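All remarks here apply to the structure that follows.
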Amino acid sequence: MNPYLRLALLATLPALAAGCTTTGGRPPVDVTRYHLNEPFERTTVTVMPMSGAMDVTPEFRAYADAVQAELSKQGYVAATSDRPAGYIASVSFTRTLRGVVRERSPVSIGLGGGSFGGGVGLGGGVSFGVGKRKQNEILVSQLWVQLRRRAGESVIWEGRAETTGLGIKDNQPAATAQRLAAALFKDFPGESGITTTVK
């Protein structure tokens, strides 16, 4: 590859990384929901892991709590031993690595344009990074929720929310769980089969 073309491509990486975030510094969330456009009874609900999806870990607890909080805003009350669940909200989440972005070195050495014999000049210059480059992972976080009636086990609503973040800052588990859940239940139940972007 032409060395000048290679340097130009490397220079675009910070711009690609910046594309993972909005101007407010928070990545948008893509949301897709499915349902039968039927009335939803506001009753008791139990939040639990999707069958075979995961163990009840502290990170799952963060997602479950975020989902429960959003369901409460929609009028669903957490089930208790005295008030059995009318609905079950099954929750699953994933976080996958999509790639790595290496930031340009803060220190660079510039090579200025030289001149050749005969008065012909070479304009421009080339700079080379010095020192260790900072590396950020591009992570995709997804929340998937199914809401089903306890009696009959029929799924009446399901949705997925997904966001892409750069590095640790954009991927704190509790904060990510809250953002995904809030986006997923915004304007509940939402338009069926339509993917929307929540900023």
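Starting from 1 in every chain, residues are counted up; chains themselves are A, B, ... following the order of the structure tokens, and ligands are numbered from 1 as listed.
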Item to complete: Fewer than 2 positions away in the same chain doesn't count, so skip those; otherwise give me all residues within 9 Å of Gln178 of chain A, counting only C-alpha atoms, as a PyMOL selection string.
Response: chain A and resi 62-63+65-67+69-70+173-176+180-183
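Among A:Val91, A:Ala177, A:Met50, A:Val101, the residue with the shortest atom-to-atom distance to Val145 of chain A, counting only C-alpha atoms, is A:Val91.
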Worksheet item: Looking at A:Arg95, A:Lys186, A:Arg102, A:Lys199, which one is nearest to Gln142 of chain A, with distances taken over only C-alpha atoms?
Response: A:Arg95
Practice prompt. Identify, on the basis of only C-alpha atoms, every residue whose closest approach to Val140 of chain A does not exceed 9 Å; exclude the query and any residue fewer than 6 positions from it along the same chain; express the result as an NGL selection string.
Written response: :A and (94-98 or 162-166 or 171)
